[in-house]
Amino acid sequence: MHISVFDHEGALAAALATRVADLVAARPATVLGLPTGRTPLPFYEQLVALSRARGLDWSEVRTFNLDEFVGLGAGDPGSYRRFMEERLFAPLGIAPGQVGFLDGRAGDLEAECARYEAAIAAAGGIDLQLLGIGANGHIGFNEPGDHLEAPTHVVTLLARSRAANALWFGGELARVPGQALSMGMAAILRSREIILLATGAEKAEAVQAAVRGPLTTRVPASFLQLHPRVSLFLDAEAAERLG
Ligand code: PGA
């Protein structure tokens with residue numbers, strides 16, 4: 001794993017925005033895997049600003065997001081699709097036809113997961129997968145537990161993950177859906193390259209366990225150690241337990 005530590009999240013966001021902008025400039029038909037959450041917000045802001053400054057062309061890029069809440073979709077406040085539309089897709093002019101997303105309102109959720117994996121494969125696979133990490137060590141919504149699921153699947157969210165998402169629902173925990181759809185570990189690990197971003201002291205323990213700990217389903221991010229091209233972009237607080 002290649003680890004980069006930045007003084008503050010603004011510097012991390014700027015470096016990552018440059019990295020992704022350079023990739024899109026060099027390879028306009030790049031397939032990006034994208035996360036939601038608080039961590040990537042400064043990065044998305046910087047990417048939009050940098051893209052405008054450079055006049056970057058996004059018309060051939062394809063995107064696939066990691067996860068979505070069951071019962072929510074485009075247009076629903078709190079949905080990850082809406083988050084992405086507002087923060088990235090609309091500002092960059094990324095059209096719906098370029099966007100891959102799990103549909104939390106699908107009638108047959110199992111079929112929706114299979115459709116999504118097929119769509120990623122049909123796009124040629126993910127070139128660069130960006131990931132956040134939960135304070136509990138989850139990636140996407142692959143939650144810690146006795147086992148992990150390789151394929152894209154329906155997840156029952158742990159209390160800690162629901163609480164971490166309350167801010168997208170006006171701070172009301174009761175409004176956070178109890179289930180989500182998530183790219184599975186296999187789908188994530190099939191990406192050609194992975195960059196995990198983490199900021200803040202509350203992620204330090206999960207980062208340490210992911211990087212230095214044994215492979216364990218109790219820390220899903222620890223399985224990133226199996227991937228040949230993983231980079232971590234950390235701020236000083238998230239890196240503080242790496243010594
Ligand atoms: P966060 O979420 O960026 O809001 O901390 C990250 C995650 O849970 O994967």
# chains A, B, ... in the order shown; residues from 1 in each chain; ligands from 1

call {"tool": "residues_around", "arguments": {"residues": "Met1 of chain A", "least_positions_apart": "5", "cutoff": "9 Å", "atoms": "only C-alpha atoms", "output": "PDB file with all heavy atoms, in the first residue's frame"}}
result
ATOM      1  N   VAL A 211      -4.564  -1.160   7.593  1.00  0.00           N
ATOM      2  CA  VAL A 211      -3.222  -1.157   7.004  1.00  0.00           C
ATOM      3  C   VAL A 211      -2.281  -2.120   7.717  1.00  0.00           C
ATOM      4  O   VAL A 211      -1.511  -2.841   7.089  1.00  0.00           O
ATOM      5  CB  VAL A 211      -2.626   0.278   7.058  1.00  0.00           C
ATOM      6  CG1 VAL A 211      -1.191   0.297   6.578  1.00  0.00           C
ATOM      7  CG2 VAL A 211      -3.476   1.212   6.205  1.00  0.00           C
ATOM      8  N   LEU A 224      -8.171  -4.836   1.579  1.00  0.00           N
ATOM      9  CA  LEU A 224      -7.459  -4.034   0.570  1.00  0.00           C
ATOM     10  C   LEU A 224      -5.989  -4.417   0.513  1.00  0.00           C
ATOM     11  O   LEU A 224      -5.318  -4.180  -0.490  1.00  0.00           O
ATOM     12  CB  LEU A 224      -7.603  -2.537   0.865  1.00  0.00           C
ATOM     13  CG  LEU A 224      -9.021  -1.976   0.780  1.00  0.00           C
ATOM     14  CD1 LEU A 224      -9.041  -0.523   1.230  1.00  0.00           C
ATOM     15  CD2 LEU A 224      -9.591  -2.116  -0.638  1.00  0.00           C
ATOM     16  N   GLN A 225      -5.476  -5.025   1.573  1.00  0.00           N
ATOM     17  CA  GLN A 225      -4.073  -5.468   1.564  1.00  0.00           C
ATOM     18  C   GLN A 225      -3.817  -6.505   0.471  1.00  0.00           C
ATOM     19  O   GLN A 225      -2.673  -6.735   0.087  1.00  0.00           O
ATOM     20  CB  GLN A 225      -3.691  -6.048   2.927  1.00  0.00           C
ATOM     21  CG  GLN A 225      -3.698  -5.039   4.056  1.00  0.00           C
ATOM     22  CD  GLN A 225      -3.423  -5.690   5.409  1.00  0.00           C
ATOM     23  OE1 GLN A 225      -2.647  -6.637   5.514  1.00  0.00           O
ATOM     24  NE2 GLN A 225      -4.063  -5.184   6.444  1.00  0.00           N
ATOM     25  N   HIS A 227      -4.890  -6.254  -2.582  1.00  0.00           N
ATOM     26  CA  HIS A 227      -4.922  -5.627  -3.907  1.00  0.00           C
ATOM     27  C   HIS A 227      -3.542  -5.062  -4.250  1.00  0.00           C
ATOM     28  O   HIS A 227      -2.892  -4.441  -3.407  1.00  0.00           O
ATOM     29  CB  HIS A 227      -5.984  -4.517  -3.914  1.00  0.00           C
ATOM     30  CG  HIS A 227      -6.333  -4.025  -5.278  1.00  0.00           C
ATOM     31  ND1 HIS A 227      -5.508  -3.185  -5.989  1.00  0.00           N
ATOM     32  CD2 HIS A 227      -7.403  -4.264  -6.074  1.00  0.00           C
ATOM     33  CE1 HIS A 227      -6.069  -2.917  -7.159  1.00  0.00           C
ATOM     34  NE2 HIS A 227      -7.222  -3.571  -7.237  1.00  0.00           N
ATOM     35  N   PRO A 228      -3.097  -5.247  -5.499  1.00  0.00           N
ATOM     36  CA  PRO A 228      -1.738  -4.798  -5.834  1.00  0.00           C
ATOM     37  C   PRO A 228      -1.564  -3.295  -6.005  1.00  0.00           C
ATOM     38  O   PRO A 228      -0.436  -2.803  -5.968  1.00  0.00           O
ATOM     39  CB  PRO A 228      -1.456  -5.515  -7.170  1.00  0.00           C
ATOM     40  CG  PRO A 228      -2.800  -5.792  -7.759  1.00  0.00           C
ATOM     41  CD  PRO A 228      -3.729  -6.006  -6.598  1.00  0.00           C
ATOM     42  N   ARG A 229      -2.647  -2.553  -6.208  1.00  0.00           N
ATOM     43  CA  ARG A 229      -2.479  -1.098  -6.445  1.00  0.00           C
ATOM     44  C   ARG A 229      -3.446  -0.295  -5.577  1.00  0.00           C
ATOM     45  O   ARG A 229      -4.492   0.170  -6.032  1.00  0.00           O
ATOM     46  CB  ARG A 229      -2.724  -0.757  -7.930  1.00  0.00           C
ATOM     47  CG  ARG A 229      -1.578  -1.186  -8.833  1.00  0.00           C
ATOM     48  CD  ARG A 229      -1.799  -0.703 -10.245  1.00  0.00           C
ATOM     49  NE  ARG A 229      -1.541   0.725 -10.386  1.00  0.00           N
ATOM     50  CZ  ARG A 229      -1.942   1.444 -11.437  1.00  0.00           C
ATOM     51  NH1 ARG A 229      -2.650   0.873 -12.402  1.00  0.00           N
ATOM     52  NH2 ARG A 229      -1.645   2.712 -11.517  1.00  0.00           N
ATOM     53  N   VAL A 230      -3.079  -0.167  -4.319  1.00  0.00           N
ATOM     54  CA  VAL A 230      -3.887   0.614  -3.390  1.00  0.00           C
ATOM     55  C   VAL A 230      -3.060   1.764  -2.843  1.00  0.00           C
ATOM     56  O   VAL A 230      -1.923   1.575  -2.428  1.00  0.00           O
ATOM     57  CB  VAL A 230      -4.368  -0.245  -2.193  1.00  0.00           C
ATOM     58  CG1 VAL A 230      -5.119   0.622  -1.183  1.00  0.00           C
ATOM     59  CG2 VAL A 230      -5.270  -1.369  -2.669  1.00  0.00           C
ATOM     60  N   SER A 231      -3.635   2.966  -2.878  1.00  0.00           N
ATOM     61  CA  SER A 231      -3.020   4.118  -2.227  1.00  0.00           C
ATOM     62  C   SER A 231      -3.960   4.626  -1.152  1.00  0.00           C
ATOM     63  O   SER A 231      -5.179   4.551  -1.302  1.00  0.00           O
ATOM     64  CB  SER A 231      -2.778   5.251  -3.221  1.00  0.00           C
ATOM     65  OG  SER A 231      -1.944   4.824  -4.265  1.00  0.00           O
ATOM     66  N   LEU A 232      -3.374   5.147  -0.077  1.00  0.00           N
ATOM     67  CA  LEU A 232      -4.162   5.797   0.963  1.00  0.00           C
ATOM     68  C   LEU A 232      -3.825   7.271   0.964  1.00  0.00           C
ATOM     69  O   LEU A 232      -2.644   7.643   1.019  1.00  0.00           O
ATOM     70  CB  LEU A 232      -3.845   5.205   2.343  1.00  0.00           C
ATOM     71  CG  LEU A 232      -4.632   3.955   2.729  1.00  0.00           C
ATOM     72  CD1 LEU A 232      -4.133   2.763   1.962  1.00  0.00           C
ATOM     73  CD2 LEU A 232      -4.533   3.711   4.208  1.00  0.00           C
TER      74      LEU A 232
END

call {"tool": "residues_near_ligand", "arguments": {"ligand": "ligand 1", "cutoff": "10 Å", "atoms": "only C-alpha atoms and all ligand atoms", "output": "ChimeraX atom specification"}}
result
/A:35-41,66-67,131-143,160-162,164-168,196-200,202-203,221

call {"tool": "select_by_dssp", "arguments": {"residues": "segment 58-183 of chain A", "states": "strand (DSSP E)", "output": "VMD selection string"}}
result
chain A and resid 62 to 65 67 to 69 99 to 100 128 to 131 153 to 156 179 to 182

call {"tool": "residues_around", "arguments": {"residues": "segment 44-46 of chain A", "least_positions_apart": "2", "cutoff": "10 Å", "atoms": "only C-alpha atoms", "output": "list in words"}}
result
Gly10, Ala13, Ala14, Ala15, Leu16, Ala17, Thr18, Thr36, Thr39, Pro40, Leu41, Pro42, Val48, Ala49, Leu50, Ser51, Arg52, Met84, Arg87, Leu88, Phe89 and Pro91 of chain A

call {"tool": "select_by_dssp", "arguments": {"residues": "segment 53-232 of chain A", "states": "helix (DSSP H, G or I)", "output": "MDAnalysis selection string"}}
result
chainID A and resid 53:54 80:92 96:98 109:122 159:164 166:169 173:175 185:189 201:212 220:226

call {"tool": "closest_residue", "arguments": {"among": "A:Ile3, A:Ala25, A:Leu72, A:Ile120", "to": "Gln98 of chain A", "atoms": "only C-alpha atoms"}}
result
A:Ile120

call {"tool": "atom_distance", "arguments": {"atom1": "atom CA of Leu173 of chain A", "atom2": "atom CA of Glu112 of chain A"}}
result
26.2 Å

call {"tool": "atom_distance", "arguments": {"atom1": "atom CA of Ala163 of chain A", "atom2": "atom CA of Gly104 of chain A"}}
result
19.2 Å

call {"tool": "atom_distance", "arguments": {"atom1": "atom CA of Arg27 of chain A", "atom2": "atom CA of Leu226 of chain A"}}
result
26.2 Å

call {"tool": "residues_around", "arguments": {"residues": "Val61 of chain A", "least_positions_apart": "6", "cutoff": "9 Å", "atoms": "only C-alpha atoms", "output": "list in words"}}
result
Val24, Arg27, Pro28, Ala29, Thr30, Val31, Leu32, Ile94, Gln98 and Val99 of chain A

call {"tool": "residues_around", "arguments": {"residues": "Ala118 of chain A", "least_positions_apart": "2", "cutoff": "12 Å", "atoms": "only C-alpha atoms", "output": "MDAnalysis selection string"}}
result
chainID A and resid 64 100 102 111:116 120:125 151:152 183 187

call {"tool": "residues_around", "arguments": {"residues": "Asp146 of chain A", "least_positions_apart": "4", "cutoff": "12 Å", "atoms": "only C-alpha atoms", "output": "list in words"}}
result
Asn142, Thr216, Thr217, Arg218, Val219 and Pro220 of chain A

call {"tool": "closest_residue", "arguments": {"among": "A:Gly171, A:Phe43, A:Phe101, A:Pro144", "to": "Glu117 of chain A", "atoms": "only C-alpha atoms"}}
result
A:Phe101

call {"tool": "closest_residue", "arguments": {"among": "A:Leu12, A:Ile126, A:Val155, A:Leu56", "to": "Glu68 of chain A", "atoms": "only C-alpha atoms"}}
result
A:Val155

call {"tool": "closest_residue", "arguments": {"among": "A:Gly55, A:Pro77, A:Gly33, A:Gly243", "to": "Gln129 of chain A", "atoms": "only C-alpha atoms"}}
result
A:Gly33
